[in-house]
>>> print(open('start_14.cif').read())   # mmCIF, C-alpha atoms and all ligand atoms
data_work
#
loop_
_atom_site.group_PDB
_atom_site.id
_atom_site.type_symbol
_atom_site.label_atom_id
_atom_site.label_comp_id
_atom_site.auth_asym_id
_atom_site.auth_seq_id
_atom_site.Cartn_x
_atom_site.Cartn_y
_atom_site.Cartn_z
ATOM 1 C CA MET A 25 22.702 -3.264 53.378
ATOM 2 C CA ALA A 26 19.882 -2.685 50.884
ATOM 3 C CA GLU A 27 17.656 -5.601 49.886
ATOM 4 C CA PRO A 28 18.190 -6.742 46.293
ATOM 5 C CA THR A 29 15.616 -5.104 43.994
ATOM 6 C CA THR A 30 12.756 -7.386 42.969
ATOM 7 C CA ILE A 31 12.485 -7.683 39.202
ATOM 8 C CA SER A 32 8.839 -6.839 38.480
ATOM 9 C CA ASN A 33 9.224 -7.061 34.717
ATOM 10 C CA PRO A 34 10.947 -10.381 33.934
ATOM 11 C CA ILE A 35 12.704 -10.978 30.622
ATOM 12 C CA PRO A 36 9.967 -11.953 28.109
ATOM 13 C CA ASN A 37 9.945 -15.340 26.430
ATOM 14 C CA LEU A 38 11.585 -14.405 23.151
ATOM 15 C CA SER A 39 11.491 -17.869 21.648
ATOM 16 C CA LEU A 40 7.762 -17.632 20.791
ATOM 17 C CA PRO A 41 7.153 -13.899 20.353
ATOM 18 C CA LEU A 42 3.911 -14.467 18.411
ATOM 19 C CA GLN A 43 2.329 -17.018 20.724
ATOM 20 C CA ASP A 44 -1.493 -16.761 20.795
ATOM 21 C CA ARG A 45 -1.512 -14.243 17.934
ATOM 22 C CA VAL A 46 -3.434 -14.849 14.735
ATOM 23 C CA ALA A 47 -1.876 -14.008 11.378
ATOM 24 C CA VAL A 48 -3.552 -13.872 7.978
ATOM 25 C CA VAL A 49 -1.121 -14.421 5.110
ATOM 26 C CA THR A 50 -2.569 -13.772 1.667
ATOM 27 C CA GLY A 51 -0.875 -15.705 -1.115
ATOM 28 C CA GLY A 52 0.318 -18.136 1.541
ATOM 29 C CA SER A 53 0.071 -21.196 -0.700
ATOM 30 C CA ARG A 54 3.312 -20.614 -2.569
ATOM 31 C CA GLY A 55 6.563 -18.684 -2.765
ATOM 32 C CA ILE A 56 7.324 -15.901 -0.318
ATOM 33 C CA GLY A 57 3.896 -16.068 1.379
ATOM 34 C CA ARG A 58 4.395 -19.763 2.077
ATOM 35 C CA ALA A 59 7.790 -19.174 3.754
ATOM 36 C CA ILE A 60 6.308 -16.297 5.774
ATOM 37 C CA ALA A 61 3.395 -18.448 6.977
ATOM 38 C CA ILE A 62 5.745 -21.219 8.087
ATOM 39 C CA HIS A 63 8.090 -18.753 9.788
ATOM 40 C CA LEU A 64 5.294 -16.950 11.673
ATOM 41 C CA ALA A 65 4.028 -20.352 12.824
ATOM 42 C CA SER A 66 7.529 -21.174 14.092
ATOM 43 C CA LEU A 67 7.314 -17.975 16.185
ATOM 44 C CA GLY A 68 4.099 -19.237 17.784
ATOM 45 C CA ALA A 69 1.369 -17.643 15.639
ATOM 46 C CA ASN A 70 -1.807 -19.352 14.483
ATOM 47 C CA LEU A 71 -2.082 -19.067 10.733
ATOM 48 C CA VAL A 72 -4.789 -18.337 8.194
ATOM 49 C CA ILE A 73 -3.348 -19.283 4.821
ATOM 50 C CA ASN A 74 -5.098 -17.590 1.929
ATOM 51 C CA TYR A 75 -4.853 -18.662 -1.714
ATOM 52 C CA THR A 76 -6.907 -18.100 -4.820
ATOM 53 C CA SER A 77 -6.739 -21.269 -6.940
ATOM 54 C CA ASN A 78 -4.111 -23.605 -5.577
ATOM 55 C CA SER A 79 -5.922 -25.428 -2.754
ATOM 56 C CA ALA A 80 -3.568 -28.431 -2.834
ATOM 57 C CA GLN A 81 -0.498 -26.242 -2.225
ATOM 58 C CA ALA A 82 -2.294 -24.297 0.508
ATOM 59 C CA ASP A 83 -3.271 -27.577 2.203
ATOM 60 C CA LEU A 84 0.363 -28.713 2.097
ATOM 61 C CA VAL A 85 1.462 -25.563 3.934
ATOM 62 C CA ALA A 86 -1.232 -26.078 6.578
ATOM 63 C CA THR A 87 -0.210 -29.724 6.989
ATOM 64 C CA GLN A 88 3.395 -28.698 7.458
ATOM 65 C CA ILE A 89 2.368 -26.331 10.274
ATOM 66 C CA ASN A 90 -0.241 -28.479 11.973
ATOM 67 C CA ASP A 91 0.908 -30.867 14.645
ATOM 68 C CA THR A 92 -0.619 -34.263 13.834
ATOM 69 C CA SER A 93 -0.652 -35.204 17.534
ATOM 70 C CA SER A 94 -2.912 -32.236 18.396
ATOM 71 C CA THR A 95 -6.645 -32.032 17.745
ATOM 72 C CA THR A 96 -6.543 -28.222 17.555
ATOM 73 C CA PRO A 97 -5.212 -26.939 14.237
ATOM 74 C CA ARG A 98 -2.550 -24.209 14.191
ATOM 75 C CA ALA A 99 -3.229 -23.376 10.555
ATOM 76 C CA VAL A 100 -6.309 -23.225 8.358
ATOM 77 C CA THR A 101 -6.664 -22.434 4.656
ATOM 78 C CA VAL A 102 -9.164 -19.979 3.198
ATOM 79 C CA GLN A 103 -9.802 -19.413 -0.503
ATOM 80 C CA ALA A 104 -10.398 -15.780 -1.481
ATOM 81 C CA ASP A 105 -9.528 -13.541 -4.378
ATOM 82 C CA ILE A 106 -8.029 -10.489 -2.665
ATOM 83 C CA SER A 107 -9.263 -8.181 -5.422
ATOM 84 C CA ASP A 108 -12.918 -8.936 -4.558
ATOM 85 C CA PRO A 109 -14.268 -6.967 -1.554
ATOM 86 C CA THR A 110 -16.863 -9.597 -0.639
ATOM 87 C CA GLN A 111 -14.254 -12.353 -0.665
ATOM 88 C CA VAL A 112 -11.831 -10.275 1.401
ATOM 89 C CA LYS A 113 -14.553 -9.716 4.017
ATOM 90 C CA SER A 114 -15.275 -13.454 4.038
ATOM 91 C CA LEU A 115 -11.554 -14.158 4.440
ATOM 92 C CA PHE A 116 -11.394 -11.975 7.561
ATOM 93 C CA ASP A 117 -14.678 -13.440 8.883
ATOM 94 C CA ALA A 118 -13.299 -16.956 8.436
ATOM 95 C CA ALA A 119 -10.009 -15.960 10.043
ATOM 96 C CA GLU A 120 -11.758 -14.524 13.119
ATOM 97 C CA SER A 121 -13.901 -17.586 13.630
ATOM 98 C CA ALA A 122 -11.086 -20.098 12.961
ATOM 99 C CA PHE A 123 -9.298 -19.381 16.228
ATOM 100 C CA HIS A 124 -12.087 -17.606 18.185
ATOM 101 C CA SER A 125 -9.701 -14.710 18.577
ATOM 102 C CA PRO A 126 -9.203 -11.194 17.295
ATOM 103 C CA LEU A 127 -6.759 -10.958 14.401
ATOM 104 C CA HIS A 128 -3.332 -9.475 15.061
ATOM 105 C CA ILE A 129 -1.317 -9.650 11.860
ATOM 106 C CA LEU A 130 -2.013 -9.185 8.148
ATOM 107 C CA VAL A 131 0.716 -10.083 5.686
ATOM 108 C CA ASN A 132 -0.402 -9.303 2.154
ATOM 109 C CA SER A 133 1.862 -11.379 -0.069
ATOM 110 C CA ALA A 134 -0.594 -12.238 -2.875
ATOM 111 C CA GLY A 135 0.518 -10.610 -6.090
ATOM 112 C CA VAL A 136 0.912 -10.987 -9.840
ATOM 113 C CA LEU A 137 3.582 -10.065 -12.382
ATOM 114 C CA ASP A 138 3.116 -10.067 -16.161
ATOM 115 C CA PRO A 139 5.607 -12.727 -17.369
ATOM 116 C CA LYS A 140 5.811 -11.073 -20.793
ATOM 117 C CA TYR A 141 7.714 -8.131 -19.255
ATOM 118 C CA PRO A 142 6.246 -5.710 -21.804
ATOM 119 C CA SER A 143 7.476 -2.165 -22.287
ATOM 120 C CA ILE A 144 4.806 0.364 -21.338
ATOM 121 C CA LEU A 145 3.977 1.034 -24.984
ATOM 122 C CA ASN A 146 3.331 -2.699 -25.460
ATOM 123 C CA THR A 147 1.339 -3.252 -22.243
ATOM 124 C CA THR A 148 -2.270 -4.123 -22.994
ATOM 125 C CA ILE A 149 -4.995 -2.403 -21.019
ATOM 126 C CA GLU A 150 -6.162 -5.861 -19.855
ATOM 127 C CA ASP A 151 -2.704 -6.718 -18.473
ATOM 128 C CA PHE A 152 -2.368 -3.290 -16.845
ATOM 129 C CA ASP A 153 -5.787 -3.696 -15.213
ATOM 130 C CA LYS A 154 -5.019 -7.246 -14.026
ATOM 131 C CA THR A 155 -1.794 -6.069 -12.390
ATOM 132 C CA PHE A 156 -3.472 -3.169 -10.604
ATOM 133 C CA THR A 157 -6.561 -5.204 -9.702
ATOM 134 C CA VAL A 158 -4.593 -7.776 -7.710
ATOM 135 C CA ASN A 159 -1.528 -5.830 -6.569
ATOM 136 C CA THR A 160 -3.068 -2.449 -5.749
ATOM 137 C CA ARG A 161 -6.823 -2.908 -5.321
ATOM 138 C CA GLY A 162 -6.147 -6.220 -3.533
ATOM 139 C CA ALA A 163 -3.649 -4.597 -1.150
ATOM 140 C CA PHE A 164 -6.085 -1.727 -0.549
ATOM 141 C CA LEU A 165 -8.972 -4.084 0.279
ATOM 142 C CA CYS A 166 -6.844 -6.190 2.636
ATOM 143 C CA CYS A 167 -5.344 -3.118 4.354
ATOM 144 C CA LYS A 168 -8.804 -1.537 4.744
ATOM 145 C CA GLU A 169 -10.253 -4.687 6.265
ATOM 146 C CA ALA A 170 -7.224 -5.135 8.536
ATOM 147 C CA ALA A 171 -7.279 -1.490 9.640
ATOM 148 C CA ASN A 172 -10.908 -1.960 10.706
ATOM 149 C CA ARG A 173 -10.507 -5.344 12.331
ATOM 150 C CA LEU A 174 -7.012 -5.953 13.730
ATOM 151 C CA LYS A 175 -6.603 -5.932 17.481
ATOM 152 C CA ARG A 176 -6.017 -2.488 18.941
ATOM 153 C CA GLY A 177 -3.763 -1.631 21.853
ATOM 154 C CA GLY A 178 -0.702 -3.687 20.909
ATOM 155 C CA GLY A 179 0.369 -6.458 18.566
ATOM 156 C CA GLY A 180 -1.574 -5.210 15.510
ATOM 157 C CA ARG A 181 0.581 -5.434 12.393
ATOM 158 C CA ILE A 182 0.006 -4.770 8.692
ATOM 159 C CA ILE A 183 2.801 -5.853 6.366
ATOM 160 C CA CYS A 184 2.473 -5.567 2.580
ATOM 161 C CA LEU A 185 4.879 -7.206 0.165
ATOM 162 C CA THR A 186 5.960 -4.706 -2.474
ATOM 163 C CA SER A 187 9.155 -4.861 -4.540
ATOM 164 C CA SER A 188 12.683 -3.476 -4.811
ATOM 165 C CA THR A 189 11.878 -2.852 -8.496
ATOM 166 C CA VAL A 190 10.143 0.311 -7.243
ATOM 167 C CA ALA A 191 13.714 1.522 -6.675
ATOM 168 C CA SER A 192 15.578 -0.304 -9.485
ATOM 169 C CA LEU A 193 13.008 0.699 -12.165
ATOM 170 C CA ARG A 194 13.780 -2.207 -14.557
ATOM 171 C CA LEU A 195 12.559 -2.018 -18.146
ATOM 172 C CA GLY A 196 9.510 -4.227 -18.724
ATOM 173 C CA PHE A 197 8.164 -3.747 -15.201
ATOM 174 C CA GLY A 198 6.166 -0.519 -15.821
ATOM 175 C CA ALA A 199 2.691 -1.604 -14.710
ATOM 176 C CA TYR A 200 4.037 -3.857 -11.936
ATOM 177 C CA VAL A 201 6.289 -1.160 -10.439
ATOM 178 C CA ALA A 202 3.502 1.413 -10.635
ATOM 179 C CA SER A 203 1.123 -1.012 -8.885
ATOM 180 C CA LYS A 204 3.617 -1.597 -6.054
ATOM 181 C CA ALA A 205 4.691 2.062 -5.756
ATOM 182 C CA ALA A 206 1.030 2.917 -5.145
ATOM 183 C CA VAL A 207 0.915 0.391 -2.304
ATOM 184 C CA GLU A 208 4.073 1.817 -0.737
ATOM 185 C CA ALA A 209 2.580 5.320 -0.738
ATOM 186 C CA MET A 210 -0.735 4.060 0.646
ATOM 187 C CA VAL A 211 0.872 2.076 3.474
ATOM 188 C CA LYS A 212 2.951 5.071 4.621
ATOM 189 C CA ILE A 213 -0.251 7.109 4.931
ATOM 190 C CA LEU A 214 -2.080 4.210 6.587
ATOM 191 C CA ALA A 215 0.585 4.024 9.306
ATOM 192 C CA LYS A 216 -0.121 7.665 10.184
ATOM 193 C CA GLU A 217 -3.896 7.235 9.993
ATOM 194 C CA LEU A 218 -3.664 4.341 12.461
ATOM 195 C CA LYS A 219 -2.318 6.690 15.144
ATOM 196 C CA GLY A 220 -3.687 5.682 18.529
ATOM 197 C CA THR A 221 -4.479 2.070 17.583
ATOM 198 C CA GLY A 222 -1.046 0.564 18.261
ATOM 199 C CA ILE A 223 -1.249 -1.026 14.808
ATOM 200 C CA THR A 224 1.856 -0.550 12.676
ATOM 201 C CA ALA A 225 1.892 -0.656 8.872
ATOM 202 C CA ASN A 226 4.985 -1.345 6.771
ATOM 203 C CA CYS A 227 6.039 -2.711 3.404
ATOM 204 C CA VAL A 228 8.661 -5.364 2.823
ATOM 205 C CA ALA A 229 10.153 -4.922 -0.641
ATOM 206 C CA PRO A 230 12.171 -7.950 -1.768
ATOM 207 C CA GLY A 231 14.661 -8.041 -4.599
ATOM 208 C CA PRO A 232 14.792 -11.082 -6.909
ATOM 209 C CA ILE A 233 13.609 -14.159 -4.976
ATOM 210 C CA ALA A 234 13.641 -17.675 -6.459
ATOM 211 C CA THR A 235 9.900 -18.386 -6.779
ATOM 212 C CA GLU A 236 7.561 -19.314 -9.623
ATOM 213 C CA MET A 237 6.822 -15.613 -10.102
ATOM 214 C CA PHE A 238 10.503 -14.795 -10.564
ATOM 215 C CA PHE A 239 11.251 -17.592 -13.052
ATOM 216 C CA ALA A 240 8.047 -17.162 -15.124
ATOM 217 C CA GLY A 241 8.894 -15.969 -18.648
ATOM 218 C CA LYS A 242 12.658 -15.658 -18.005
ATOM 219 C CA THR A 243 15.317 -17.492 -20.034
ATOM 220 C CA GLU A 244 18.366 -19.005 -18.310
ATOM 221 C CA GLU A 245 20.364 -16.121 -19.727
ATOM 222 C CA MET A 246 18.035 -13.567 -18.103
ATOM 223 C CA VAL A 247 18.277 -15.338 -14.743
ATOM 224 C CA LYS A 248 22.084 -15.398 -15.031
ATOM 225 C CA MET A 249 22.155 -11.666 -15.695
ATOM 226 C CA VAL A 250 20.084 -10.980 -12.585
ATOM 227 C CA VAL A 251 22.414 -13.139 -10.462
ATOM 228 C CA GLU A 252 25.450 -11.309 -11.865
ATOM 229 C CA GLU A 253 23.950 -7.999 -10.741
ATOM 230 C CA CYS A 254 23.508 -9.228 -7.167
ATOM 231 C CA PRO A 255 26.393 -8.238 -4.848
ATOM 232 C CA LEU A 256 26.026 -11.588 -3.082
ATOM 233 C CA SER A 257 26.118 -13.460 -6.443
ATOM 234 C CA ARG A 258 22.934 -15.420 -5.854
ATOM 235 C CA LEU A 259 19.188 -15.086 -6.028
ATOM 236 C CA GLY A 260 17.346 -14.438 -2.794
ATOM 237 C CA GLN A 261 15.491 -17.351 -1.233
ATOM 238 C CA THR A 262 12.057 -17.072 0.346
ATOM 239 C CA GLU A 263 13.740 -17.775 3.704
ATOM 240 C CA ASP A 264 15.770 -14.563 3.278
ATOM 241 C CA VAL A 265 12.532 -12.550 3.448
ATOM 242 C CA ALA A 266 10.461 -14.387 6.077
ATOM 243 C CA PRO A 267 12.557 -13.461 9.180
ATOM 244 C CA VAL A 268 12.290 -9.746 8.345
ATOM 245 C CA VAL A 269 8.499 -10.086 8.251
ATOM 246 C CA GLY A 270 8.679 -12.071 11.509
ATOM 247 C CA PHE A 271 10.583 -9.245 13.181
ATOM 248 C CA LEU A 272 8.123 -6.573 11.979
ATOM 249 C CA ALA A 273 5.244 -8.744 13.225
ATOM 250 C CA SER A 274 6.740 -9.081 16.708
ATOM 251 C CA ASP A 275 6.583 -6.635 19.612
ATOM 252 C CA ALA A 276 10.288 -5.954 19.052
ATOM 253 C CA GLY A 277 9.437 -4.559 15.625
ATOM 254 C CA GLU A 278 6.967 -1.969 16.897
ATOM 255 C CA TRP A 279 9.232 1.027 16.414
ATOM 256 C CA VAL A 280 9.536 0.298 12.679
ATOM 257 C CA ASN A 281 6.361 1.943 11.383
ATOM 258 C CA GLY A 282 5.395 3.499 8.063
ATOM 259 C CA GLN A 283 8.577 2.185 6.420
ATOM 260 C CA ILE A 284 9.597 0.374 3.251
ATOM 261 C CA VAL A 285 12.088 -2.318 4.241
ATOM 262 C CA ARG A 286 14.075 -3.453 1.193
ATOM 263 C CA VAL A 287 15.330 -7.004 1.465
ATOM 264 C CA ASN A 288 17.484 -7.606 -1.590
ATOM 265 C CA GLY A 289 21.082 -8.539 -0.790
ATOM 266 C CA GLY A 290 22.247 -5.125 -1.958
ATOM 267 C CA TYR A 291 20.621 -5.381 -5.412
ATOM 268 C CA VAL A 292 19.547 -1.752 -5.309
HETATM 269 N N1 LIG A 301 9.615 -13.429 -6.323
HETATM 270 C C1 LIG A 301 10.163 -12.250 -6.428
HETATM 271 O O1 LIG A 301 11.257 -12.089 -6.999
HETATM 272 C C2 LIG A 301 9.506 -11.045 -5.815
HETATM 273 C C3 LIG A 301 10.277 -9.880 -5.709
HETATM 274 C C4 LIG A 301 9.696 -8.757 -5.151
HETATM 275 C C5 LIG A 301 8.407 -8.781 -4.701
HETATM 276 N N2 LIG A 301 7.672 -9.921 -4.824
HETATM 277 C C6 LIG A 301 6.301 -9.867 -4.328
HETATM 278 O O2 LIG A 301 6.160 -10.815 -3.270
HETATM 279 C C7 LIG A 301 4.845 -11.359 -3.277
HETATM 280 C C8 LIG A 301 4.915 -12.875 -3.387
HETATM 281 O O3 LIG A 301 5.550 -13.217 -4.608
HETATM 282 P P1 LIG A 301 5.945 -14.714 -4.954
HETATM 283 O O4 LIG A 301 7.188 -14.648 -5.737
HETATM 284 O O5 LIG A 301 5.863 -15.544 -3.734
HETATM 285 O O6 LIG A 301 4.736 -15.093 -5.954
HETATM 286 P P2 LIG A 301 4.189 -16.531 -6.401
HETATM 287 O O7 LIG A 301 5.169 -17.597 -6.104
HETATM 288 O O8 LIG A 301 3.720 -16.345 -7.809
HETATM 289 O O9 LIG A 301 2.915 -16.745 -5.453
HETATM 290 C C9 LIG A 301 1.833 -15.873 -5.604
HETATM 291 C C10 LIG A 301 0.829 -16.138 -4.504
HETATM 292 O O10 LIG A 301 -0.207 -15.159 -4.628
HETATM 293 C C11 LIG A 301 -1.469 -15.821 -4.669
HETATM 294 N N3 LIG A 301 -2.403 -15.002 -5.451
HETATM 295 C C12 LIG A 301 -2.259 -14.496 -6.697
HETATM 296 N N4 LIG A 301 -3.331 -13.761 -7.045
HETATM 297 C C13 LIG A 301 -4.186 -13.809 -5.977
HETATM 298 C C14 LIG A 301 -5.456 -13.254 -5.710
HETATM 299 N N5 LIG A 301 -6.099 -12.505 -6.613
HETATM 300 N N6 LIG A 301 -6.020 -13.492 -4.507
HETATM 301 C C15 LIG A 301 -5.398 -14.250 -3.570
HETATM 302 N N7 LIG A 301 -4.191 -14.825 -3.787
HETATM 303 C C16 LIG A 301 -3.590 -14.599 -4.972
HETATM 304 C C17 LIG A 301 -1.182 -17.179 -5.289
HETATM 305 O O11 LIG A 301 -2.226 -18.090 -4.936
HETATM 306 P P3 LIG A 301 -2.443 -19.499 -5.740
HETATM 307 O O12 LIG A 301 -1.351 -20.419 -5.264
HETATM 308 O O13 LIG A 301 -3.784 -19.962 -5.330
HETATM 309 O O14 LIG A 301 -2.298 -19.179 -7.194
HETATM 310 C C18 LIG A 301 0.146 -17.498 -4.596
HETATM 311 O O15 LIG A 301 -0.066 -17.970 -3.296
HETATM 312 C C19 LIG A 301 4.114 -10.700 -4.445
HETATM 313 O O16 LIG A 301 3.354 -9.621 -3.969
HETATM 314 C C20 LIG A 301 5.243 -10.213 -5.327
HETATM 315 O O17 LIG A 301 4.850 -9.128 -6.121
HETATM 316 C C21 LIG A 301 8.187 -11.052 -5.358
#
>>> encode(input="start_14.cif", output="structure tokens")
Amino acid sequence: MAEPTTISNPIPNLSLPLQDRVAVVTGGSRGIGRAIAIHLASLGANLVINYTSNSAQADLVATQINDTSSTTPRAVTVQADISDPTQVKSLFDAAESAFHSPLHILVNSAGVLDPKYPSILNTTIEDFDKTFTVNTRGAFLCCKEAANRLKRGGGGRIICLTSSTVASLRLGFGAYVASKAAVEAMVKILAKELKGTGITANCVAPGPIATEMFFAGKTEEMVKMVVEECPLSRLGQTEDVAPVVGFLASDAGEWVNGQIVRVNGGYV
């Protein structure tokens, strides 16, 4: 009778798929970025939480992740405006030295939306530029830095938050949608250009998610109308988005590459 086969490749520990990996989450102080940072930490990652002005909120996220009984932090905060190339470089420098490790994951969640929801003919050049400066130039700078610096040979992940409005094309979102559509096109090309590195690049495009950005400038009536359009009759929560990012960041998500993953409850 044949000897039982020895299992040389045991089942991996799936409970902490991001153990010993380092993730940078831009815009991690609030909203969707905050939920993503906390979720990636729950999967074992060490976190670099970026913010631009809200240090108190960023500190709260880090405190929530850090284990008070341990002397080694699991999360650090780094201030940087993602639209400034020098600050983006400093962010990645700080991230590398924080955990004495190569970086594995970039999640670019920092973004802005004009709460006046102007039609294109009423959009000021200043507001157009502000939207593109943070959403498009910022994403470009973070992707460029990540493409140069993320670990090669497995585990490298670039995930940019875009928006389902690129598909729903709502009135009043002209500059915002254009700024996010540009990122979606860029990330698809980036995924191909990263051939041979093992780094994947994808976008996660949420529908309406209950954050400060969503509620800014909207009346109760406007919010109600959005909810009525949702097949699941509710707004998305930040926790509806974070697990999708967690999957893309994990080894199990490797085969999803160069894609736009819409997470919107069927909104569009
Ligand atoms: N909420 C939605 O319905 C929705 C839907 C689709 C897509 N999205 C996208 O998802 C992402 C997160 O949105 P959210 O709703 O979580 O927004 P949010 O609650 O307004 O949070 C925005 C985050 O971005 C940071 N930030 C803004 N400008 C920055 C800059 N120049 N440099 C670095 N950080 C900057 C903010 O930092 P501070 O705290 O320091 O200000 C904050 O952490 C955005 O890209 C957004 O376009 C959101």
>>> residues_near_ligand(input="start_14.cif", ligand="ligand LIG 301 (chain A)", cutoff="8 Å", atoms="all atoms listed in the file", output="VMD selection string")
chain A and resid 50 to 58 74 to 79 81 to 82 103 to 108 132 to 137 157 to 159 162 184 to 189 200 204 229 to 238 260 262
>>> residues_around(input="start_14.cif", residues="Leu42 in chain A", least_positions_apart="3", cutoff="7 Å", atoms="only C-alpha atoms", output="ChimeraX atom specification")
/A:45,67-69,274
>>> residues_near_point(input="start_14.cif", point="(-13.5, -17.6, 12.3)", cutoff="12 Å", atoms="all atoms listed in the file", output="PyMOL selection string")
chain A and resi 46+48+71-72+99-102+113-127
>>> resolve_selection(input="start_14.cif", expression="the PyMOL selection byres (((chain A and resi 140-150) around 8) and not hetatm)", output="PyMOL selection string")
chain A and resi 138-139+151-154+195-199+241
>>> axis_aligned_box(input="start_14.cif", around="range 183-188 of chain A", padding_each_side="5 Å", output="JSON")
{"center_x": 7.6, "center_y": -5.3, "center_z": 0.8, "size_x": 20.2, "size_y": 13.7, "size_z": 21.2}
>>> residues_around(input="start_14.cif", residues="Ala65 in chain A", least_positions_apart="5", cutoff="10 Å", atoms="all atoms listed in the file", output="PDB file with C-alpha atoms, keeping the file's coordinate frame")
ATOM      1  CA  LEU A  40       7.762 -17.632  20.791  1.00  0.00           C
ATOM      2  CA  LEU A  42       3.911 -14.467  18.411  1.00  0.00           C
ATOM      3  CA  GLN A  43       2.329 -17.018  20.724  1.00  0.00           C
ATOM      4  CA  ARG A  45      -1.512 -14.243  17.934  1.00  0.00           C
ATOM      5  CA  VAL A  46      -3.434 -14.849  14.735  1.00  0.00           C
ATOM      6  CA  ALA A  47      -1.876 -14.008  11.378  1.00  0.00           C
ATOM      7  CA  ALA A  59       7.790 -19.174   3.754  1.00  0.00           C
ATOM      8  CA  ILE A  60       6.308 -16.297   5.774  1.00  0.00           C
ATOM      9  CA  ASN A  70      -1.807 -19.352  14.483  1.00  0.00           C
ATOM     10  CA  LEU A  71      -2.082 -19.067  10.733  1.00  0.00           C
ATOM     11  CA  ALA A  86      -1.232 -26.078   6.578  1.00  0.00           C
ATOM     12  CA  GLN A  88       3.395 -28.698   7.458  1.00  0.00           C
ATOM     13  CA  ILE A  89       2.368 -26.331  10.274  1.00  0.00           C
ATOM     14  CA  ASN A  90      -0.241 -28.479  11.973  1.00  0.00           C
ATOM     15  CA  ARG A  98      -2.550 -24.209  14.191  1.00  0.00           C
ATOM     16  CA  ALA A  99      -3.229 -23.376  10.555  1.00  0.00           C
ATOM     17  CA  GLY A 270       8.679 -12.071  11.509  1.00  0.00           C
TER      18      GLY A 270
END
>>> build_atoms(input="start_14.cif", residues="range 183-198 of chain A", atoms="N, CA and C atoms", output="PDB file, keeping the file's coordinate frame")
ATOM      1  N   ILE A 183       1.547  -5.781   7.132  1.00  0.00           N
ATOM      2  CA  ILE A 183       2.801  -5.853   6.366  1.00  0.00           C
ATOM      3  C   ILE A 183       2.446  -6.221   4.924  1.00  0.00           C
ATOM      4  N   CYS A 184       2.766  -5.317   3.998  1.00  0.00           N
ATOM      5  CA  CYS A 184       2.473  -5.567   2.580  1.00  0.00           C
ATOM      6  C   CYS A 184       3.764  -5.860   1.828  1.00  0.00           C
ATOM      7  N   LEU A 185       3.720  -6.907   0.999  1.00  0.00           N
ATOM      8  CA  LEU A 185       4.879  -7.206   0.165  1.00  0.00           C
ATOM      9  C   LEU A 185       4.826  -6.313  -1.069  1.00  0.00           C
ATOM     10  N   THR A 186       5.861  -5.493  -1.245  1.00  0.00           N
ATOM     11  CA  THR A 186       5.960  -4.706  -2.474  1.00  0.00           C
ATOM     12  C   THR A 186       7.188  -5.198  -3.241  1.00  0.00           C
ATOM     13  N   SER A 187       8.040  -4.338  -3.741  1.00  0.00           N
ATOM     14  CA  SER A 187       9.155  -4.861  -4.540  1.00  0.00           C
ATOM     15  C   SER A 187      10.285  -3.851  -4.625  1.00  0.00           C
ATOM     16  N   SER A 188      11.526  -4.362  -4.626  1.00  0.00           N
ATOM     17  CA  SER A 188      12.683  -3.476  -4.811  1.00  0.00           C
ATOM     18  C   SER A 188      12.729  -2.901  -6.224  1.00  0.00           C
ATOM     19  N   THR A 189      11.913  -3.440  -7.141  1.00  0.00           N
ATOM     20  CA  THR A 189      11.878  -2.852  -8.496  1.00  0.00           C
ATOM     21  C   THR A 189      11.306  -1.431  -8.465  1.00  0.00           C
ATOM     22  N   VAL A 190      10.612  -1.079  -7.378  1.00  0.00           N
ATOM     23  CA  VAL A 190      10.143   0.311  -7.243  1.00  0.00           C
ATOM     24  C   VAL A 190      11.362   1.243  -7.203  1.00  0.00           C
ATOM     25  N   ALA A 191      12.488   0.717  -6.712  1.00  0.00           N
ATOM     26  CA  ALA A 191      13.714   1.522  -6.675  1.00  0.00           C
ATOM     27  C   ALA A 191      14.603   1.252  -7.896  1.00  0.00           C
ATOM     28  N   SER A 192      14.638   0.009  -8.388  1.00  0.00           N
ATOM     29  CA  SER A 192      15.578  -0.304  -9.485  1.00  0.00           C
ATOM     30  C   SER A 192      15.020   0.080 -10.854  1.00  0.00           C
ATOM     31  N   LEU A 193      13.660   0.201 -10.943  1.00  0.00           N
ATOM     32  CA  LEU A 193      13.008   0.699 -12.165  1.00  0.00           C
ATOM     33  C   LEU A 193      13.465  -0.038 -13.433  1.00  0.00           C
ATOM     34  N   ARG A 194      13.374  -1.386 -13.395  1.00  0.00           N
ATOM     35  CA  ARG A 194      13.780  -2.207 -14.557  1.00  0.00           C
ATOM     36  C   ARG A 194      12.833  -2.011 -15.735  1.00  0.00           C
ATOM     37  N   LEU A 195      13.386  -2.059 -16.944  1.00  0.00           N
ATOM     38  CA  LEU A 195      12.559  -2.018 -18.146  1.00  0.00           C
ATOM     39  C   LEU A 195      11.659  -3.250 -18.159  1.00  0.00           C
ATOM     40  N   GLY A 196      10.435  -3.090 -18.626  1.00  0.00           N
ATOM     41  CA  GLY A 196       9.510  -4.227 -18.724  1.00  0.00           C
ATOM     42  C   GLY A 196       8.678  -4.444 -17.464  1.00  0.00           C
ATOM     43  N   PHE A 197       8.912  -3.592 -16.462  1.00  0.00           N
ATOM     44  CA  PHE A 197       8.164  -3.747 -15.201  1.00  0.00           C
ATOM     45  C   PHE A 197       7.237  -2.549 -14.942  1.00  0.00           C
ATOM     46  N   GLY A 198       6.887  -1.791 -16.003  1.00  0.00           N
ATOM     47  CA  GLY A 198       6.166  -0.519 -15.821  1.00  0.00           C
ATOM     48  C   GLY A 198       4.901  -0.631 -14.989  1.00  0.00           C
TER      49      GLY A 198
END
